[in-house]
file target_1.txt (compact mmCIF, C-alpha atoms)
# COMPACT_ATOMS: atom_id res chain seq x y z
CA MET C 30 -59.62 2.17 -1.47
CA LYS C 31 -59.37 -0.61 1.07
CA VAL C 32 -61.94 -3.13 2.18
CA ASP C 33 -62.27 -4.74 5.61
CA ILE C 34 -63.84 -8.19 5.81
CA VAL C 35 -65.36 -9.06 9.18
CA ASP C 36 -63.94 -12.39 10.33
CA VAL C 37 -65.67 -13.93 13.31
CA GLY C 38 -64.42 -17.42 12.51
CA SER C 39 -67.52 -18.29 10.55
CA GLY C 40 -67.69 -18.04 6.82
CA ASN C 41 -65.37 -18.41 3.89
CA VAL C 42 -63.58 -15.10 4.36
CA ARG C 43 -60.60 -16.19 2.23
CA SER C 44 -62.85 -16.63 -0.81
CA ILE C 45 -64.25 -13.14 -0.21
CA GLN C 46 -60.73 -11.74 0.05
CA ASN C 47 -59.73 -13.51 -3.17
CA TRP C 48 -62.82 -12.09 -4.89
CA ILE C 49 -62.03 -8.49 -3.88
CA GLU C 50 -58.33 -8.75 -4.66
CA LYS C 51 -59.06 -10.04 -8.16
CA CYS C 52 -60.20 -6.52 -9.05
CA ASN C 53 -56.97 -5.05 -7.62
CA VAL C 54 -58.47 -3.67 -4.42
CA ASP C 55 -56.75 -4.31 -1.08
CA ALA C 56 -58.81 -6.44 1.26
CA ARG C 57 -57.98 -7.71 4.72
CA CYS C 58 -59.70 -9.99 7.18
CA VAL C 59 -60.42 -8.25 10.49
CA ARG C 60 -60.77 -10.27 13.70
CA ARG C 61 -60.64 -7.37 16.22
CA VAL C 62 -63.29 -4.69 16.19
CA ASP C 63 -60.69 -1.96 16.79
CA ASP C 64 -59.10 -2.82 13.45
CA LEU C 65 -62.21 -1.92 11.44
CA VAL C 66 -61.03 1.27 9.75
CA SER C 67 -61.79 1.01 6.04
CA GLU C 68 -64.56 2.91 4.30
CA VAL C 69 -66.07 -0.33 2.99
CA ILE C 70 -66.89 -3.24 5.29
CA ILE C 71 -67.92 -6.66 4.07
CA LEU C 72 -70.02 -8.82 6.35
CA PRO C 73 -69.79 -12.38 5.04
CA GLY C 74 -71.72 -15.20 6.58
CA VAL C 75 -71.97 -18.95 6.41
CA GLY C 76 -73.83 -20.87 9.08
CA SER C 77 -77.03 -20.28 10.95
CA ALA C 78 -78.30 -16.94 12.25
CA GLY C 79 -78.27 -17.67 16.00
CA PRO C 80 -74.61 -18.68 16.47
CA TYR C 81 -73.54 -16.06 13.93
CA MET C 82 -75.24 -13.18 15.82
CA GLU C 83 -73.76 -14.52 19.08
CA ARG C 84 -70.27 -14.31 17.59
CA LEU C 85 -70.86 -10.78 16.29
CA ARG C 86 -72.11 -9.63 19.71
CA LYS C 87 -69.36 -11.41 21.63
CA ASN C 88 -66.74 -9.51 19.63
CA SER C 89 -68.73 -6.21 19.68
CA PHE C 90 -68.90 -6.23 15.89
CA ASP C 91 -72.67 -5.64 16.00
CA SER C 92 -72.45 -2.12 17.43
CA ALA C 93 -69.31 -1.32 15.42
CA ILE C 94 -71.06 -2.16 12.14
CA ILE C 95 -74.10 -0.06 13.05
CA GLU C 96 -71.81 2.87 13.96
CA HIS C 97 -69.91 2.42 10.68
CA VAL C 98 -73.13 2.76 8.66
CA GLN C 99 -74.46 5.65 10.77
CA GLY C 100 -71.11 7.40 10.25
CA GLY C 101 -71.49 7.22 6.45
CA GLY C 102 -69.45 4.08 5.79
CA ARG C 103 -70.45 1.56 3.14
CA LEU C 104 -71.49 -1.99 4.02
CA ILE C 105 -71.84 -5.12 1.89
CA GLY C 106 -73.57 -8.12 3.46
CA ILE C 107 -73.29 -11.51 1.79
CA CYS C 108 -75.66 -14.45 2.27
CA LEU C 109 -76.16 -14.76 6.06
CA GLY C 110 -74.35 -11.42 6.43
CA PHE C 111 -77.16 -9.90 4.33
CA GLN C 112 -79.88 -11.69 6.28
CA ILE C 113 -78.72 -10.46 9.69
CA MET C 114 -78.87 -6.83 8.46
CA SER C 115 -82.66 -7.21 8.77
CA SER C 116 -84.65 -6.71 11.96
CA PHE C 117 -85.73 -10.33 12.40
CA SER C 118 -84.95 -13.82 11.13
CA GLN C 119 -87.14 -16.88 11.59
CA GLU C 120 -84.05 -19.09 11.76
CA ASP C 121 -83.08 -20.80 15.04
CA GLY C 122 -86.46 -20.07 16.60
CA GLY C 123 -86.36 -16.33 15.90
CA ILE C 124 -83.29 -14.08 15.96
CA GLU C 125 -83.12 -10.30 16.29
CA GLY C 126 -80.87 -8.85 13.59
CA LEU C 127 -78.95 -5.58 13.23
CA SER C 128 -82.06 -3.69 11.95
CA LEU C 129 -80.03 -1.82 9.34
CA ILE C 130 -82.61 -2.45 6.62
CA ASP C 131 -86.40 -2.64 6.66
CA ALA C 132 -86.73 -6.33 5.87
CA GLU C 133 -87.38 -9.70 7.48
CA VAL C 134 -85.99 -13.16 6.90
CA LYS C 135 -88.29 -16.11 6.35
CA ARG C 136 -87.89 -19.79 5.55
CA LEU C 137 -88.10 -20.36 1.80
CA GLU C 138 -91.59 -21.43 0.72
CA ASN C 139 -92.36 -25.15 1.01
CA SER C 140 -89.33 -25.45 3.31
CA ALA C 141 -87.22 -25.79 0.21
CA SER C 142 -83.49 -25.55 0.00
CA HIS C 143 -82.18 -23.42 -2.86
CA ASN C 144 -78.82 -24.70 -4.13
CA GLU C 145 -78.75 -23.51 -7.69
CA TRP C 146 -77.27 -21.20 -10.27
CA GLU C 147 -79.76 -18.53 -11.36
CA PRO C 148 -79.71 -15.87 -14.08
CA PHE C 149 -78.87 -12.43 -12.70
CA ALA C 150 -79.26 -9.10 -14.47
CA PHE C 151 -79.47 -5.46 -13.49
CA ARG C 152 -78.88 -2.02 -14.96
CA LYS C 153 -77.31 0.72 -12.87
CA ASP C 154 -79.70 3.33 -14.27
CA GLN C 155 -82.69 1.41 -12.90
CA MET C 156 -81.52 1.40 -9.30
CA ASN C 157 -84.16 3.82 -7.95
CA GLY C 158 -81.41 6.39 -7.38
CA GLN C 159 -79.52 3.98 -5.14
CA SER C 160 -75.87 4.14 -6.11
CA PHE C 161 -74.04 2.70 -3.07
CA SER C 162 -71.93 5.85 -3.53
CA SER C 163 -69.41 4.07 -5.70
CA SER C 164 -66.84 6.67 -6.66
CA GLU C 165 -63.83 4.64 -7.70
CA LYS C 166 -65.10 3.79 -11.20
CA LEU C 167 -63.38 0.41 -11.31
CA SER C 168 -65.55 -0.39 -14.31
CA ARG C 169 -67.54 1.65 -16.81
CA LYS C 170 -69.92 -1.25 -17.17
CA THR C 171 -73.54 -0.30 -16.43
CA ILE C 172 -75.36 -3.48 -17.41
CA LEU C 173 -74.71 -6.85 -15.83
CA ASP C 174 -76.20 -10.01 -17.29
CA GLY C 175 -74.89 -13.35 -16.08
CA ARG C 176 -75.49 -16.13 -13.58
CA VAL C 177 -74.95 -16.42 -9.83
CA PHE C 178 -74.75 -19.22 -7.28
CA TYR C 179 -77.24 -19.57 -4.41
CA ASN C 180 -77.00 -21.88 -1.38
CA HIS C 181 -79.61 -21.00 1.26
CA GLU C 182 -82.77 -22.10 3.05
CA TYR C 183 -83.95 -18.66 4.27
CA GLY C 184 -84.66 -15.56 2.22
CA VAL C 185 -84.88 -11.79 2.80
CA ILE C 186 -88.27 -10.14 2.22
CA ASN C 187 -87.84 -6.42 1.63
CA ASN C 188 -90.40 -4.01 3.16
CA ASP C 189 -88.72 -0.78 2.03
CA PRO C 190 -90.38 0.70 -1.09
CA HIS C 191 -87.38 2.97 -1.72
CA ALA C 192 -84.80 0.19 -1.83
CA PHE C 193 -83.63 -1.30 -5.12
CA THR C 194 -83.91 -5.06 -5.24
CA VAL C 195 -83.32 -7.87 -7.71
CA PRO C 196 -85.39 -10.99 -6.97
CA VAL C 197 -83.70 -14.33 -6.33
CA SER C 198 -85.44 -15.92 -9.33
CA LEU C 199 -88.76 -15.95 -11.16
CA LYS C 200 -89.97 -18.72 -8.84
CA LEU C 201 -88.59 -17.14 -5.63
CA ASN C 202 -89.47 -13.58 -6.58
CA GLN C 203 -90.67 -12.53 -3.12
CA TYR C 204 -87.10 -12.85 -1.80
CA SER C 205 -84.31 -10.40 -2.58
CA GLY C 206 -81.25 -11.71 -4.40
CA MET C 207 -79.64 -8.27 -4.21
CA PHE C 208 -80.74 -5.24 -2.16
CA VAL C 209 -79.36 -1.70 -2.42
CA LYS C 210 -80.34 1.18 -0.13
CA ASP C 211 -78.15 4.23 0.48
CA LYS C 212 -74.74 2.87 1.48
CA ILE C 213 -75.84 -0.70 2.10
CA ILE C 214 -75.77 -3.60 -0.34
CA GLY C 215 -77.12 -7.00 0.58
CA ILE C 216 -76.37 -10.01 -1.62
CA GLN C 217 -78.09 -13.34 -1.03
CA PHE C 218 -76.06 -15.33 -3.55
CA HIS C 219 -72.35 -16.05 -3.28
CA PRO C 220 -70.69 -13.46 -5.57
CA GLU C 221 -67.27 -14.74 -4.54
CA LYS C 222 -68.20 -18.11 -6.09
CA SER C 223 -70.15 -16.78 -9.07
CA GLN C 224 -67.19 -16.80 -11.45
CA LEU C 225 -67.18 -14.05 -14.11
CA THR C 226 -70.49 -12.49 -13.00
CA GLY C 227 -69.16 -12.16 -9.45
CA LEU C 228 -66.05 -10.38 -10.71
CA GLU C 229 -68.02 -8.01 -12.91
CA LEU C 230 -70.42 -7.24 -10.05
CA ILE C 231 -67.70 -6.25 -7.57
CA SER C 232 -66.01 -3.97 -10.09
CA MET C 233 -69.38 -2.26 -10.73
CA ILE C 234 -70.37 -1.73 -7.09
CA LEU C 235 -67.10 -0.82 -5.39
CA MET E 28 -79.66 -29.18 -12.52
CA ARG E 29 -76.04 -28.47 -11.72
CA VAL E 30 -73.19 -30.06 -13.65
CA GLY E 31 -70.06 -30.32 -11.56
CA SER E 32 -66.90 -32.31 -11.13
CA THR E 33 -65.12 -34.36 -8.51
CA LEU E 34 -61.49 -34.06 -7.46
CA LEU E 35 -59.70 -36.29 -4.98
CA LEU E 36 -57.23 -34.82 -2.50
CA LYS E 37 -54.66 -37.21 -1.08
CA ASN E 38 -51.37 -36.36 0.65
CA LYS E 39 -51.73 -32.74 -0.47
CA LYS E 40 -51.98 -33.70 -4.16
CA CYS E 41 -54.89 -33.97 -6.50
CA TYR E 42 -56.08 -37.24 -8.10
CA GLN E 43 -58.90 -38.85 -9.99
CA SER E 44 -59.87 -42.44 -9.38
CA TYR E 45 -60.91 -45.56 -11.27
CA ASN E 46 -62.83 -48.51 -9.88
CA TRP E 47 -62.74 -47.02 -6.39
CA SER E 48 -59.13 -48.16 -6.02
CA TYR E 49 -56.75 -46.80 -8.68
CA PHE E 50 -55.56 -43.22 -8.63
CA ARG E 51 -54.43 -41.04 -11.51
CA PRO E 52 -52.33 -38.06 -10.36
CA LEU E 53 -53.39 -34.61 -11.55
CA GLY E 54 -50.79 -32.48 -9.75
CA SER E 55 -51.62 -29.52 -7.57
CA LEU E 56 -55.14 -28.82 -6.42
CA GLN E 57 -54.81 -25.18 -7.48
CA ILE E 58 -53.97 -26.06 -11.10
CA ALA E 59 -56.90 -28.49 -11.37
CA MET E 60 -59.25 -25.91 -9.83
CA ASP E 61 -58.01 -23.19 -12.17
CA SER E 62 -59.04 -25.38 -15.14
CA LEU E 63 -62.45 -26.08 -13.66
CA ASP E 64 -62.94 -22.36 -12.91
CA GLU E 65 -62.14 -21.62 -16.53
CA TYR E 66 -64.58 -24.29 -17.76
CA GLU E 67 -67.33 -22.62 -15.67
CA CYS E 68 -67.98 -25.86 -13.87
CA ASP E 69 -71.08 -25.43 -11.66
CA GLU E 70 -69.45 -26.93 -8.57
CA VAL E 71 -66.51 -29.04 -7.48
CA ALA E 72 -66.56 -31.74 -4.81
CA ILE E 73 -63.11 -32.16 -3.28
CA ILE E 74 -63.02 -35.52 -1.56
CA ARG E 75 -60.26 -37.14 0.49
CA PRO E 76 -60.41 -40.84 -0.48
CA VAL E 77 -59.53 -41.99 3.03
CA ARG E 78 -60.16 -45.40 4.43
CA ASP E 79 -59.55 -46.74 7.96
CA CYS E 80 -55.93 -45.50 8.16
CA ASP E 81 -56.64 -41.75 8.32
CA SER E 82 -55.42 -39.51 11.14
CA LEU E 83 -56.06 -35.98 12.35
CA ASP E 84 -52.53 -35.07 11.30
CA LEU E 85 -53.02 -36.26 7.70
CA PHE E 86 -56.38 -34.49 7.63
CA SER E 87 -54.80 -31.28 8.88
CA ARG E 88 -52.03 -31.44 6.25
CA ASP E 89 -54.55 -31.77 3.42
CA LEU E 90 -56.46 -28.81 4.85
CA ASP E 91 -53.31 -26.69 4.58
CA VAL E 92 -53.56 -27.06 0.79
CA LEU E 93 -57.29 -26.44 0.75
CA ARG E 94 -56.95 -23.35 2.94
CA GLU E 95 -54.66 -21.69 0.40
CA LEU E 96 -56.91 -22.52 -2.55
CA LYS E 97 -58.11 -19.57 -4.63
CA ALA E 98 -61.23 -20.44 -6.57
CA MET E 99 -64.40 -18.78 -7.82
CA THR E 100 -66.41 -21.99 -8.15
CA PRO E 101 -68.60 -23.40 -5.35
CA ILE E 102 -66.73 -26.12 -3.46
CA SER E 103 -67.88 -28.94 -1.24
CA PHE E 104 -65.31 -30.80 0.82
CA GLY E 105 -65.30 -34.08 2.67
CA GLY E 106 -63.46 -37.26 3.51
CA GLY E 107 -62.44 -38.07 7.06
CA ILE E 108 -64.55 -35.54 8.99
CA ARG E 109 -65.15 -37.84 11.93
CA SER E 110 -64.94 -35.86 15.19
CA ARG E 111 -65.41 -32.41 16.74
CA GLU E 112 -61.64 -31.90 16.46
CA HIS E 113 -62.01 -32.32 12.70
CA LEU E 114 -64.90 -29.82 12.64
CA GLU E 115 -62.84 -27.16 14.42
CA LEU E 116 -60.22 -27.38 11.68
CA LEU E 117 -62.79 -26.65 8.97
CA GLU E 118 -63.51 -23.07 9.97
CA GLY E 119 -62.37 -20.42 7.52
CA LEU E 120 -61.89 -22.76 4.56
CA PRO E 121 -62.86 -21.46 1.10
CA VAL E 122 -65.66 -24.02 1.04
CA GLU E 123 -69.46 -23.66 0.99
CA ARG E 124 -70.52 -27.20 1.81
CA PHE E 125 -69.20 -30.14 3.82
CA VAL E 126 -69.57 -33.80 2.96
CA PHE E 127 -70.02 -36.42 5.69
CA SER E 128 -70.03 -40.14 5.01
CA SER E 129 -68.95 -42.29 7.97
CA ALA E 130 -70.74 -39.94 10.38
CA PHE E 131 -74.07 -40.63 8.64
CA ILE E 132 -73.39 -44.34 8.21
CA ALA E 133 -72.62 -44.61 11.95
CA SER E 134 -75.68 -42.43 12.75
CA ASN E 135 -73.40 -39.97 14.56
CA GLN E 136 -76.15 -37.38 14.91
CA ALA E 137 -74.22 -35.32 17.49
CA LEU E 138 -71.41 -34.64 15.00
CA VAL E 139 -73.78 -33.77 12.17
CA ASP E 140 -75.80 -31.49 14.45
CA SER E 141 -72.62 -29.68 15.49
CA ALA E 142 -71.74 -29.18 11.83
CA ARG E 143 -75.24 -27.88 11.07
CA ARG E 144 -74.91 -25.30 13.85
CA LEU E 145 -71.46 -24.22 12.67
CA PHE E 146 -72.03 -24.10 8.93
CA GLY E 147 -75.81 -24.03 8.47
CA LYS E 148 -78.24 -26.73 7.41
CA GLN E 149 -77.75 -25.90 3.74
CA ALA E 150 -74.07 -26.76 4.02
CA ILE E 151 -74.39 -30.44 4.95
CA GLN E 152 -74.10 -33.17 2.33
CA CYS E 153 -74.04 -36.92 2.88
CA LEU E 154 -71.83 -39.14 0.71
CA LEU E 155 -72.91 -42.74 0.20
CA PRO E 156 -70.44 -44.88 -1.78
CA VAL E 157 -72.72 -47.50 -3.31
CA LYS E 158 -72.22 -50.91 -4.93
CA VAL E 159 -74.88 -53.12 -6.49
CA ASP E 160 -74.06 -56.81 -6.34
CA ALA E 161 -76.54 -59.53 -7.30
CA ASP E 162 -79.50 -57.25 -6.63
CA THR E 163 -78.21 -56.33 -3.19
CA ILE E 164 -77.13 -52.77 -2.43
CA TYR E 165 -74.04 -52.21 -0.31
CA ILE E 166 -72.77 -48.95 1.19
CA TYR E 167 -69.05 -48.49 1.78
CA ASP E 168 -68.13 -47.44 5.30
CA SER E 169 -64.79 -45.69 4.83
CA ASN E 170 -64.06 -45.63 8.55
CA LYS E 171 -64.17 -49.44 8.67
CA ALA E 172 -62.98 -49.94 5.08
CA GLN E 173 -65.78 -52.40 4.34
CA PHE E 174 -69.09 -52.59 2.52
CA LEU E 175 -72.26 -52.87 4.62
CA ARG E 176 -75.69 -53.97 3.51
CA LEU E 177 -78.01 -51.02 2.88
CA GLU E 178 -80.30 -52.13 5.71
CA LYS E 179 -77.56 -51.22 8.21
CA VAL E 180 -77.79 -47.54 7.24
CA ASP E 181 -80.40 -45.19 8.74
CA LEU E 182 -81.73 -43.54 5.57
CA ALA E 183 -84.47 -41.70 7.49
CA LEU E 184 -81.79 -39.89 9.50
CA ILE E 185 -79.95 -39.02 6.30
CA ASN E 186 -83.13 -37.70 4.70
CA GLU E 187 -83.75 -35.55 7.76
CA LEU E 188 -80.26 -34.12 8.36
CA ALA E 189 -78.57 -34.00 4.96
CA ASN E 190 -79.35 -31.12 2.65
CA GLU E 191 -78.23 -33.27 -0.29
CA VAL E 192 -77.04 -36.86 -0.71
CA VAL E 193 -74.16 -37.74 -3.04
CA LEU E 194 -74.52 -41.28 -4.44
CA TYR E 195 -71.11 -42.49 -5.60
CA ASP E 196 -71.31 -45.57 -7.82
CA THR E 197 -68.08 -47.29 -6.78
CA SER E 198 -68.34 -50.08 -9.39
CA ASN E 199 -68.48 -47.61 -12.27
CA ASP E 200 -66.08 -45.05 -10.83
CA GLY E 201 -64.03 -43.66 -13.72
CA GLY E 202 -66.14 -45.47 -16.29
CA CYS E 203 -67.63 -44.05 -19.45
CA ASP E 204 -71.29 -43.17 -18.98
CA SER E 205 -72.08 -46.31 -16.99
CA PHE E 206 -73.63 -45.02 -13.75
CA GLU E 207 -75.96 -47.71 -12.35
CA LYS E 208 -79.31 -45.96 -12.61
CA SER E 209 -81.25 -48.56 -10.63
CA ILE E 210 -79.51 -47.30 -7.46
CA ILE E 211 -81.88 -44.39 -7.05
CA GLU E 212 -84.95 -46.60 -7.53
CA ARG E 213 -83.94 -48.64 -4.53
CA LEU E 214 -83.00 -45.86 -2.14
CA PRO E 215 -85.98 -44.10 -0.50
CA LEU E 216 -84.41 -40.63 -0.73
CA GLU E 217 -85.98 -37.46 -2.14
CA ARG E 218 -84.97 -37.15 -5.81
CA ASN E 219 -84.40 -33.40 -5.69
CA LYS E 220 -81.76 -33.92 -2.98
CA LEU E 221 -79.72 -36.44 -4.96
CA VAL E 222 -76.31 -35.83 -6.52
CA VAL E 223 -74.86 -38.69 -8.57
CA THR E 224 -71.28 -39.49 -9.47
CA GLY E 225 -69.29 -42.51 -10.64
CA GLY E 226 -69.46 -43.20 -14.38
CA VAL E 227 -71.36 -40.04 -15.27
CA GLY E 228 -71.53 -39.27 -19.01
CA LYS E 229 -73.97 -37.62 -21.39
CA SER E 230 -76.73 -40.24 -21.19
CA THR E 231 -76.50 -40.19 -17.39
CA ILE E 232 -76.90 -36.42 -17.47
CA GLU E 233 -79.99 -36.70 -19.73
CA TRP E 234 -81.48 -39.26 -17.35
CA ALA E 235 -80.61 -37.19 -14.24
CA LYS E 236 -82.37 -34.15 -15.73
CA ARG E 237 -85.48 -36.21 -16.47
CA GLU E 238 -85.47 -37.58 -12.91
CA GLY E 239 -85.17 -34.09 -11.41
CA LEU E 240 -81.91 -34.77 -9.55
CA ALA E 241 -80.05 -31.89 -7.92
CA SER E 242 -76.67 -32.36 -9.58
CA VAL E 243 -74.26 -34.65 -11.40
CA LEU E 244 -70.54 -34.76 -10.72
CA ILE E 245 -68.36 -35.83 -13.63
CA GLU E 246 -65.36 -37.51 -12.04
CA ASN E 247 -62.89 -38.12 -14.84
CA LYS E 248 -63.82 -36.85 -18.23
CA VAL E 249 -63.50 -33.13 -17.66
CA LEU E 250 -59.82 -33.07 -16.84
CA HIS E 251 -58.69 -36.44 -18.17
CA ASN E 252 -59.75 -35.73 -21.74
CA GLU E 253 -59.53 -31.98 -21.28
CA TYR E 254 -63.10 -31.52 -22.34
CA SER E 255 -64.84 -28.36 -21.32
CA VAL E 256 -67.72 -29.06 -18.97
CA ARG E 257 -69.82 -26.87 -21.26
CA GLY E 258 -70.27 -29.82 -23.61
CA PHE E 259 -71.96 -31.69 -20.79
CA LYS E 260 -74.14 -28.72 -19.84
CA ASP E 261 -75.66 -28.61 -23.30
CA VAL E 262 -77.24 -32.03 -22.80
CA LYS E 263 -81.04 -31.68 -22.96

call {"tool": "encode", "arguments": {"input": "target_1.txt", "output": "structure tokens"}}
result
Amino acid sequence: MKVDIVDVGSGNVRSIQNWIEKCNVDARCVRRVDDLVSEVIILPGVGSAGPYMERLRKNSFDSAIIEHVQGGGRLIGICLGFQIMSSFSQEDGGIEGLSLIDAEVKRLENSASHNEWEPFAFRKDQMNGQSFSSSEKLSRKTILDGRVFYNHEYGVINNDPHAFTVPVSLKLNQYSGMFVKDKIIGIQFHPEKSQLTGLELISMIL
Amino acid sequence: MRVGSTLLLKNKKCYQSYNWSYFRPLGSLQIAMDSLDEYECDEVAIIRPVRDCDSLDLFSRDLDVLRELKAMTPISFGGGIRSREHLELLEGLPVERFVFSSAFIASNQALVDSARRLFGKQAIQCLLPVKVDADTIYIYDSNKAQFLRLEKVDLALINELANEVVLYDTSNDGGCDSFEKSIIERLPLERNKLVVTGGVGKSTIEWAKREGLASVLIENKVLHNEYSVRGFKDVK
């Protein structure tokens, strides 16, 4: 298995690469759309939605990612990369996303900023049948219980009743911390900076 | 509340400081980060302790070390980010947040706005090195290598543009649990945006939790005495 990480010059792609490689899976940063060939694509994102979508469009990554998913490929979106999978984000005056998931992105309530570690737990057998088609069996672990790091001001509100989601926290429970539907996983926290929990998560989902 | 640590990066090597002027070498940044990763430190602020003699070339050389860093702990980075040329060099670093000091002190809104567009509003922190002297508060302007009276600094702009504000007590830097708590009483900044460092110990952590601060950064004790940061996290 190999993993391609979309690199549009925005986001800490090296940390993502380090995270993937720690579980002995090859990962490479891809700057040209023609080089996207792996079965799993990671869409990282740091920054704000407007400039990020502009960069994706400028490099034709937007259509390539949609084609990848429609062709049966797996996609992991992280933080802003998760948010722009939705149809619409309130950020930067309103941005149209990739519309890969039935969700919308809104400013966190009370205009708060969420820079915190939060408890994170899920069981694979409670994922509403959503498996992300993981076939490699990097880990036999089925229960994850740890803590993850968030750094965001906008959150994803899921509208799809068939998707599996884990809320950001008890207080921010209307926003999705993790979203799984078919071959798409969205992660609002930074798994690449969530220490042991991040490592366990990637070995469970890949 | 987060419990993190501070590391200084100078001439591609890692240090910790005392009294805002003396430096204790720690060796390579990667080795120090590996220890902090293992201690499950909540975050690490990597700061270049630059003064008025910095250059784009020195900045770029330190970034070479940072770029190669492999870490699984959230990192903020700052020290000498003073122009758009500096900003361009920051792309692709394994860093979540960027720390601006002189830019805020000089009210360089254009630079901070550019950074907000590039990295997101949540990624911008302001660092204010603070000194209390005879009831007067001074802020250190690293670009000019001098302390200014607090009145010279536009705190409203900082409150508006900075996601969090790091208050660095320069007088107690490296000290044992001696952070000057009156600083936050005299700065009209939102408590839940404040990060404190400089003489942070267990009683400071207790106080910071009661005050509802965002984070504390322990600057010396974690690596100097080889304590695990977990001992500090257990503070009620």

call {"tool": "atom_distance", "arguments": {"input": "target_1.txt", "atom1": "CA of Asn180 in chain C", "atom2": "CA of Glu187 in chain E"}}
result
17.8 Å

call {"tool": "residues_around", "arguments": {"input": "target_1.txt", "residues": "Ile232 in chain E", "least_positions_apart": "2", "cutoff": "10 Å", "atoms": "only C-alpha atoms", "output": "number ranges by chain"}}
result
E: 28-30, 204, 206, 223, 227-230, 234-238, 240, 242-245, 259-263

call {"tool": "interface_residues", "arguments": {"input": "target_1.txt", "of": "chain E", "to": "chain C", "cutoff": "8 Å", "atoms": "all atoms listed in the file", "output": "list of chain:residue names"}}
result
E:Met28, E:Arg29, E:Asp64, E:Glu67, E:Asp69, E:Lys97, E:Ala98, E:Met99, E:Thr100, E:Pro101, E:Glu118, E:Gly119, E:Leu120, E:Pro121, E:Val122, E:Glu123, E:Arg143, E:Arg144, E:Leu145, E:Phe146, E:Gly147, E:Lys148, E:Gln149, E:Ala150, E:Asn190

call {"tool": "residues_around", "arguments": {"input": "target_1.txt", "residues": "Phe149 in chain C", "least_positions_apart": "5", "cutoff": "6 Å", "atoms": "all atoms listed in the file", "output": "list in words"}}
result
Asp174, Gly175 and Arg176 of chain C

call {"tool": "closest_residue", "arguments": {"input": "target_1.txt", "among": "C:Glu133, C:Asp189, C:Asp55, C:Glu68", "to": "Leu104 in chain C", "atoms": "only C-alpha atoms"}}
result
C:Glu68

call {"tool": "atom_distance", "arguments": {"input": "target_1.txt", "atom1": "CA of Leu177 in chain E", "atom2": "CA of Tyr165 in chain E"}}
result
5.2 Å

call {"tool": "atom_distance", "arguments": {"input": "target_1.txt", "atom1": "CA of Phe50 in chain E", "atom2": "CA of Arg111 in chain E"}}
result
29.3 Å

call {"tool": "closest_residue", "arguments": {"input": "target_1.txt", "among": "E:Glu233, E:Asp160, E:Asp89, E:Asp81", "to": "Leu36 in chain E", "atoms": "only C-alpha atoms"}}
result
E:Asp89

call {"tool": "residues_around", "arguments": {"input": "target_1.txt", "residues": "range 199-201 of chain C", "least_positions_apart": "3", "cutoff": "9 Å", "atoms": "only C-alpha atoms", "output": "PDB file with C-alpha atoms, in the frame of the given file"}}
result
ATOM      1  CA  LEU C 137     -88.100 -20.360   1.800  1.00  0.00           C
ATOM      2  CA  GLU C 138     -91.590 -21.430   0.720  1.00  0.00           C
ATOM      3  CA  GLY C 184     -84.660 -15.560   2.220  1.00  0.00           C
ATOM      4  CA  PRO C 196     -85.390 -10.990  -6.970  1.00  0.00           C
ATOM      5  CA  TYR C 204     -87.100 -12.850  -1.800  1.00  0.00           C
ATOM      6  CA  SER C 205     -84.310 -10.400  -2.580  1.00  0.00           C
TER       7      SER C 205
END

call {"tool": "residues_around", "arguments": {"input": "target_1.txt", "residues": "Ile213 in chain C", "least_positions_apart": "3", "cutoff": "8 Å", "atoms": "all atoms listed in the file", "output": "VMD selection string"}}
result
chain C and resid 98 103 to 106 161 208 to 210

call {"tool": "closest_residue", "arguments": {"input": "target_1.txt", "among": "C:Lys166, C:Arg61, C:His97, C:Arg136", "to": "Lys212 in chain C", "atoms": "only C-alpha atoms"}}
result
C:His97

call {"tool": "closest_residue", "arguments": {"input": "target_1.txt", "among": "C:Thr194, C:Ser67, C:Ser168, C:Asn139", "to": "Gln155 in chain C", "atoms": "all atoms listed in the file"}}
result
C:Thr194

call {"tool": "closest_residue", "arguments": {"input": "target_1.txt", "among": "E:Pro156, E:Leu188, E:Glu178, E:Leu114", "to": "Asp140 in chain E", "atoms": "only C-alpha atoms"}}
result
E:Leu188

call {"tool": "residues_around", "arguments": {"input": "target_1.txt", "residues": "Leu154 in chain E", "least_positions_apart": "3", "cutoff": "9 Å", "atoms": "all atoms listed in the file", "output": "list in words"}}
result
Gly105, Val126, Phe127, Ser128, Ser129, Phe131, Glu191, Val192, Val193, Leu194 and Tyr195 of chain E

call {"tool": "closest_residue", "arguments": {"input": "target_1.txt", "among": "E:Pro52, E:Cys68, E:Lys39, E:Arg218", "to": "Leu93 in chain E", "atoms": "all atoms listed in the file"}}
result
E:Lys39
